[in-house]
$ cat my_file-v1.csv   # CSV, C-alpha atoms
chain,number,residue,atom,x,y,z
A,95,MET,CA,-23.0,-1.2,4.0
A,96,VAL,CA,-25.5,-1.6,6.8
A,97,CYS,CA,-22.9,-1.2,9.5
A,98,PHE,CA,-21.7,2.1,8.0
A,99,ALA,CA,-25.0,3.7,8.8
A,100,LYS,CA,-24.6,3.5,12.5
A,101,GLY,CA,-27.7,3.9,14.6
A,102,ILE,CA,-30.2,2.8,11.9
A,103,ILE,CA,-30.1,-0.9,12.6
A,104,PRO,CA,-32.5,-2.3,15.3
A,105,MET,CA,-30.5,-3.5,18.3
A,106,SER,CA,-31.8,-7.1,18.0
A,107,ILE,CA,-30.6,-7.3,14.4
A,108,LYS,CA,-27.2,-5.8,15.4
A,109,ASN,CA,-26.8,-8.3,18.2
A,110,LYS,CA,-27.6,-11.2,16.0
A,111,SER,CA,-25.3,-10.0,13.3
A,112,ALA,CA,-22.5,-9.5,15.9
A,113,LYS,CA,-22.9,-13.1,17.0
A,114,THR,CA,-22.6,-14.3,13.5
A,115,GLY,CA,-19.6,-12.0,13.0
A,116,ALA,CA,-17.9,-13.4,16.1
A,117,TRP,CA,-18.1,-16.9,14.5
A,118,LEU,CA,-16.9,-15.5,11.1
A,119,PHE,CA,-14.1,-13.7,12.9
A,120,ARG,CA,-12.6,-17.1,13.8
A,121,TRP,CA,-12.6,-18.2,10.2
A,122,ARG,CA,-11.9,-15.0,8.4
A,123,SER,CA,-8.4,-16.2,7.2
A,124,TYR,CA,-10.2,-18.8,5.1
A,125,LEU,CA,-12.4,-16.4,3.2
A,126,PRO,CA,-10.3,-16.6,0.0
A,127,LEU,CA,-10.8,-20.3,-0.1
A,128,SER,CA,-14.5,-19.8,-0.4
A,129,PHE,CA,-14.0,-18.2,-3.8
A,130,ILE,CA,-12.5,-21.4,-5.2
A,131,ALA,CA,-16.0,-22.7,-6.0
A,132,VAL,CA,-16.7,-19.6,-8.0
A,133,ILE,CA,-13.3,-19.1,-9.6
A,134,LEU,CA,-12.8,-22.6,-11.0
A,135,PRO,CA,-15.9,-22.8,-13.1
A,136,SER,CA,-15.3,-19.3,-14.4
A,137,LEU,CA,-11.9,-20.4,-15.8
A,138,HIS,CA,-13.7,-22.4,-18.4
A,139,TRP,CA,-14.1,-19.2,-20.4
A,140,PHE,CA,-10.5,-18.0,-19.9
A,141,THR,CA,-8.5,-16.8,-22.9
A,142,TYR,CA,-5.4,-14.7,-23.4
A,143,PRO,CA,-6.1,-11.0,-24.3
A,144,ALA,CA,-5.9,-10.7,-28.1
A,145,GLY,CA,-4.8,-14.4,-28.0
A,146,LEU,CA,-1.3,-13.5,-26.9
A,147,HIS,CA,0.5,-14.7,-23.8
A,148,LYS,CA,2.6,-11.6,-23.5
A,149,TYR,CA,-0.6,-9.5,-23.0
A,150,ASP,CA,-1.8,-12.0,-20.5
A,151,LEU,CA,1.5,-11.5,-18.5
A,152,ILE,CA,1.0,-7.7,-18.7
A,153,CYS,CA,-2.6,-8.1,-17.3
A,154,ASP,CA,-1.3,-10.4,-14.6
A,155,MET,CA,1.4,-7.8,-13.5
A,156,PHE,CA,-1.3,-5.2,-13.3
A,157,CYS,CA,-3.5,-7.4,-11.1
A,158,LEU,CA,-0.4,-8.3,-9.0
A,159,ALA,CA,0.2,-4.6,-8.5
A,160,ILE,CA,-3.4,-4.2,-7.1
A,161,SER,CA,-2.8,-7.0,-4.6
A,162,LEU,CA,0.6,-5.6,-3.6
A,163,PHE,CA,-1.2,-2.2,-3.0
A,164,GLY,CA,-3.4,-4.1,-0.5
A,165,LEU,CA,-0.3,-5.6,1.1
A,166,VAL,CA,1.2,-2.1,1.4
A,167,ILE,CA,-1.9,-0.9,3.2
A,168,ARG,CA,-1.7,-3.8,5.6
A,169,SER,CA,2.1,-3.3,6.1
A,170,TYR,CA,1.8,0.4,6.7
A,171,THR,CA,-0.9,-0.3,9.3
A,172,ILE,CA,1.0,-3.0,11.1
A,173,GLY,CA,4.2,-1.2,11.0
A,174,TYR,CA,2.7,1.3,13.5
A,175,ALA,CA,0.7,-1.2,15.5
A,176,PRO,CA,1.4,-1.7,19.2
A,177,LYS,CA,1.5,-5.2,20.7
A,178,ARG,CA,-1.8,-7.1,21.0
A,179,THR,CA,-3.6,-4.9,18.4
A,180,SER,CA,-4.2,-5.4,14.7
A,181,GLY,CA,-3.4,-9.1,15.2
A,182,ARG,CA,-4.1,-12.4,13.5
A,183,ASN,CA,-5.9,-13.8,16.5
A,184,THR,CA,-8.7,-16.1,15.5
A,185,LYS,CA,-10.2,-17.4,18.8
A,186,ASN,CA,-11.0,-14.2,20.7
A,187,GLN,CA,-11.0,-10.4,20.2
A,188,VAL,CA,-7.8,-8.8,21.5
A,189,ALA,CA,-7.1,-5.1,22.0
A,190,ASP,CA,-4.9,-3.8,24.8
A,191,SER,CA,-5.2,-0.2,23.4
A,192,LEU,CA,-7.3,1.7,20.9
A,193,ASN,CA,-5.6,2.6,17.6
A,194,THR,CA,-6.8,6.0,16.4
A,195,THR,CA,-3.8,7.4,14.5
A,196,GLY,CA,-2.1,6.6,11.3
A,197,MET,CA,-4.3,4.5,9.0
A,198,TYR,CA,-6.8,4.1,11.8
A,199,SER,CA,-7.4,7.8,11.8
A,200,VAL,CA,-8.8,7.7,8.2
A,201,THR,CA,-10.7,4.3,8.4
A,202,ARG,CA,-11.6,2.1,11.3
A,203,ASN,CA,-10.7,-1.1,9.4
A,204,PRO,CA,-7.5,-0.5,7.4
A,205,LEU,CA,-6.4,-4.2,7.5
A,206,TYR,CA,-9.7,-5.3,5.9
A,207,LEU,CA,-9.3,-2.5,3.3
A,208,GLY,CA,-5.9,-4.1,2.5
A,209,ASN,CA,-7.5,-7.5,2.4
A,210,PHE,CA,-10.0,-6.2,-0.1
A,211,PHE,CA,-7.4,-5.1,-2.6
A,212,MET,CA,-5.2,-8.1,-2.1
A,213,MET,CA,-8.1,-10.4,-3.0
A,214,LEU,CA,-9.4,-8.1,-5.7
A,215,GLY,CA,-6.1,-8.4,-7.6
A,216,VAL,CA,-6.4,-12.2,-7.6
A,217,ILE,CA,-10.1,-12.1,-8.7
A,218,LEU,CA,-9.4,-9.6,-11.5
A,219,SER,CA,-6.6,-11.9,-12.9
A,220,VAL,CA,-9.4,-14.4,-13.9
A,221,ARG,CA,-10.8,-11.6,-16.2
A,222,GLN,CA,-14.5,-12.3,-15.9
A,223,MET,CA,-16.4,-9.1,-15.6
A,224,TRP,CA,-19.1,-10.5,-13.3
A,225,LEU,CA,-16.6,-12.2,-10.8
A,226,PRO,CA,-15.5,-8.9,-9.1
A,227,LEU,CA,-19.1,-8.0,-8.5
A,228,ILE,CA,-19.8,-11.3,-6.7
A,229,PHE,CA,-16.5,-10.9,-4.8
A,230,ALA,CA,-17.5,-7.3,-3.7
A,231,LEU,CA,-20.9,-8.5,-2.5
A,232,ALA,CA,-19.5,-11.5,-0.7
A,233,PHE,CA,-16.8,-9.4,0.9
A,234,TRP,CA,-19.4,-6.9,2.1
A,235,ILE,CA,-21.7,-9.5,3.6
A,236,PHE,CA,-18.8,-11.4,5.3
A,237,TYR,CA,-16.8,-8.5,6.7
A,238,GLU,CA,-19.8,-6.4,7.7
A,239,ARG,CA,-20.7,-8.9,10.3
A,240,ILE,CA,-17.1,-9.3,11.5
A,241,ILE,CA,-16.9,-5.5,11.8
A,242,MET,CA,-20.1,-5.5,13.9
A,243,ALA,CA,-18.7,-8.2,16.2
A,244,GLU,CA,-15.4,-6.3,16.6
A,245,GLU,CA,-17.1,-3.0,17.2
A,246,LYS,CA,-19.4,-4.5,19.9
A,247,PHE,CA,-16.2,-5.8,21.7
A,248,LEU,CA,-14.5,-2.4,21.4
A,249,GLU,CA,-17.6,-0.5,22.6
A,250,GLU,CA,-17.8,-2.7,25.6
A,251,LYS,CA,-14.1,-2.3,26.4
A,252,PHE,CA,-13.4,1.3,25.6
A,253,GLY,CA,-16.8,2.9,26.0
A,254,LYS,CA,-17.1,6.5,25.2
A,255,GLU,CA,-13.5,6.7,23.8
A,256,TYR,CA,-14.5,4.2,21.0
A,257,GLY,CA,-17.9,5.8,20.6
A,258,ASP,CA,-16.4,9.2,19.8
A,259,TYR,CA,-13.8,7.6,17.5
A,260,SER,CA,-16.3,5.6,15.5
A,261,ARG,CA,-18.6,8.6,15.0
A,262,ARG,CA,-15.9,10.6,13.4
A,263,THR,CA,-14.0,7.9,11.5
A,264,PRO,CA,-15.5,6.0,8.5
A,265,ALA,CA,-15.8,2.2,8.8
A,266,PHE,CA,-14.2,1.3,5.5
A,267,ILE,CA,-13.7,3.9,2.8
A,268,PRO,CA,-10.9,6.2,4.0
A,269,ASN,CA,-11.3,9.9,4.6
A,270,PHE,CA,-7.7,11.3,4.4
A,271,ARG,CA,-8.8,14.7,5.6
A,272,LEU,CA,-8.9,13.1,9.1
A,273,TRP,CA,-5.3,11.9,9.0
A,274,GLN,CA,-3.4,12.0,12.3
A,275,ARG,CA,0.3,11.2,12.5
A,276,PRO,CA,1.0,7.8,14.2
A,277,ARG,CA,2.0,8.0,17.9
A,278,ILE,CA,4.8,5.5,17.6
A,279,SER,CA,7.6,4.9,15.1
A,280,PHE,CA,7.4,2.5,12.1
A,281,SER,CA,8.8,-1.0,12.6
A,282,PHE,CA,9.8,-2.7,9.4
A,283,ARG,CA,10.8,-5.8,11.5
A,284,ASN,CA,7.3,-6.0,12.8
A,285,VAL,CA,5.9,-6.0,9.3
A,286,LEU,CA,8.3,-8.8,8.2
A,287,LYS,CA,7.3,-10.8,11.3
A,288,ARG,CA,3.6,-10.5,10.8
A,289,GLU,CA,3.0,-10.2,7.0
A,290,TYR,CA,5.3,-12.8,5.4
A,291,SER,CA,2.5,-15.4,5.2
A,292,SER,CA,0.1,-12.9,3.6
A,293,PHE,CA,2.8,-12.1,1.0
A,294,PHE,CA,3.5,-15.7,0.2
A,295,GLY,CA,-0.2,-16.6,0.2
A,296,MET,CA,-0.8,-13.9,-2.4
A,297,ILE,CA,2.1,-15.2,-4.6
A,298,VAL,CA,0.8,-18.8,-4.3
A,299,SER,CA,-2.7,-17.7,-5.4
A,300,PHE,CA,-1.4,-15.9,-8.5
A,301,THR,CA,1.0,-18.8,-9.4
A,302,ILE,CA,-1.7,-21.5,-9.2
A,303,LEU,CA,-4.1,-19.4,-11.3
A,304,GLU,CA,-1.4,-18.8,-13.9
A,305,LEU,CA,-0.7,-22.5,-14.2
A,306,VAL,CA,-4.4,-23.4,-14.5
A,307,GLU,CA,-5.0,-20.6,-17.0
A,308,ASP,CA,-2.0,-21.6,-19.2
A,309,PHE,CA,-3.2,-25.2,-19.1
A,310,ILE,CA,-6.7,-24.2,-20.2
A,311,VAL,CA,-5.4,-22.2,-23.2
A,312,GLN,CA,-2.5,-24.3,-24.3
A,313,ARG,CA,-3.9,-27.7,-23.3
A,314,LYS,CA,-0.6,-28.6,-21.7
A,315,PHE,CA,1.3,-28.0,-18.5
A,316,VAL,CA,3.5,-24.9,-18.9
A,317,VAL,CA,5.8,-23.2,-16.3
A,318,ASP,CA,6.1,-19.5,-17.2
A,319,PRO,CA,9.6,-18.4,-16.4
A,320,VAL,CA,8.4,-15.0,-15.0
A,321,TRP,CA,6.0,-16.7,-12.6
A,322,ALA,CA,8.6,-19.3,-11.7
A,323,ALA,CA,11.0,-16.6,-10.7
A,324,ILE,CA,8.2,-14.7,-8.7
A,325,PHE,CA,7.2,-17.9,-6.9
A,326,SER,CA,10.8,-18.9,-6.1
A,327,PHE,CA,11.4,-15.4,-4.7
A,328,GLY,CA,8.2,-15.6,-2.6
A,329,LEU,CA,9.1,-19.1,-1.3
A,330,ALA,CA,12.6,-18.0,-0.4
A,331,VAL,CA,11.2,-15.0,1.5
A,332,TYR,CA,8.7,-17.1,3.3
A,333,ILE,CA,11.2,-19.8,4.4
A,334,THR,CA,13.7,-17.2,5.5
A,335,LEU,CA,11.3,-15.1,7.5
A,336,ARG,CA,9.5,-18.0,9.0
A,337,THR,CA,12.8,-19.5,10.2
A,338,LEU,CA,13.9,-16.2,11.6
A,339,ARG,CA,10.6,-15.8,13.5
A,340,LYS,CA,10.5,-19.4,14.9
A,341,LYS,CA,14.2,-19.9,15.6
A,342,THR,CA,15.6,-16.5,16.4
A,343,ARG,CA,14.7,-13.1,18.0
A,344,LEU,CA,16.0,-11.0,15.1
A,345,LEU,CA,12.4,-10.0,14.2
A,346,HIS,CA,11.4,-9.3,17.7
A,347,VAL,CA,10.5,-5.7,18.6
A,348,GLU,CA,9.8,-4.7,22.2
A,349,GLY,CA,6.3,-3.6,22.6
A,350,ARG,CA,5.2,-4.9,19.2
$ encode --input "my_file-v1.csv" --output "structure tokens"
Amino acid sequence: MVCFAKGIIPMSIKNKSAKTGAWLFRWRSYLPLSFIAVILPSLHWFTYPAGLHKYDLICDMFCLAISLFGLVIRSYTIGYAPKRTSGRNTKNQVADSLNTTGMYSVTRNPLYLGNFFMMLGVILSVRQMWLPLIFALAFWIFYERIIMAEEKFLEEKFGKEYGDYSRRTPAFIPNFRLWQRPRISFSFRNVLKREYSSFFGMIVSFTILELVEDFIVQRKFVVDPVWAAIFSFGLAVYITLRTLRKKTRLLHVEGR
């Protein structure tokens, strides 16, 4: 990635890319929707592995595991995040403090690393070899500019502290030799409060793809009992946690 080779890019190009990134930052939550235009046509060639639905289910579970791995990365990161950092803000950059420990000690963008695996699992479930390549390229172009915008903001706010941190810490691919223990304790309630929508969005994506894929192969609407159970569980989790967050303070954690 261009932004990974810091110092090579002319300042005018960096500033222009940062401006583009600031706009993309506001709409980053909708990136998965942009792949609909690519995924839907590719489903025309979808078939079950070896022509058997049970093998299709095994492949789906493998892809779901990849997406869950991405969610684990996000959850582990957010579980140690102080208030007003690592947030879902879409209008403006927010950072009351600089995260440099835990997952942030091995990569500057652990949440985006988690996003990559969450979306990759969904893309792989379509089982078209060329689709992950298009996804990786689009992810690179999209998030590279967002990262530039975020780093410009952090450089202006934290100055030398962020400069020193960014020079020693990779932008995306983790270097676990740099691991530093988190400064604060892990908060599972904070994870539940902030990641329930990501979890349900992932379940919805897989369920919709499964329904479409089964319809393409079997030429009729089929509700797979396994995915029906998974979706029901995801929906129950979503409704429960959303209600707790909106109507109670059970998920509130001071300083998070």
$ closest_atom_pairs --input "my_file-v1.csv" --of "segment 136-233 of chain A" --to "segment 251-269 of chain A" --cutoff "6 Å" --atoms "all atoms listed in the file" --output "CSV"
residue,atom,partner,partner_atom,distance
A:Val200,CA,A:Asn269,CA,4.9
A:Thr201,CA,A:Pro268,CA,4.8
A:Arg202,CA,A:Ala265,CA,4.9
A:Asn203,CA,A:Phe266,CA,5.8
$ atom_distance --input "my_file-v1.csv" --atom1 "atom CA of Tyr332 of chain A" --atom2 "atom CA of Ile297 of chain A"
10.5 Å
$ closest_atom_pairs --input "my_file-v1.csv" --of "segment 269-300 of chain A" --to "segment 213-228 of chain A" --cutoff "8 Å" --atoms "only C-alpha atoms" --output "JSON lines"
{"residue": "A:Met296", "atom": "CA", "partner": "A:Val216", "partner_atom": "CA", "distance": 7.8}
{"residue": "A:Ser299", "atom": "CA", "partner": "A:Val216", "partner_atom": "CA", "distance": 7.0}
{"residue": "A:Phe300", "atom": "CA", "partner": "A:Val216", "partner_atom": "CA", "distance": 6.3}
$ closest_residue --input "my_file-v1.csv" --among "A:Met212, A:Val306, A:Val331, A:Leu205" --to "His138 of chain A" --atoms "only C-alpha atoms"
A:Val306
$ closest_residue --input "my_file-v1.csv" --among "A:Gly208, A:Gly349, A:Arg343, A:Arg277" --to "Leu162 of chain A" --atoms "only C-alpha atoms"
A:Gly208
$ closest_residue --input "my_file-v1.csv" --among "A:Tyr198, A:Phe129, A:Phe309, A:Phe140" --to "Phe233 of chain A" --atoms "all atoms listed in the file"
A:Phe129
$ atom_distance --input "my_file-v1.csv" --atom1 "atom CA of Thr141 of chain A" --atom2 "atom CA of Ile310 of chain A"
8.1 Å
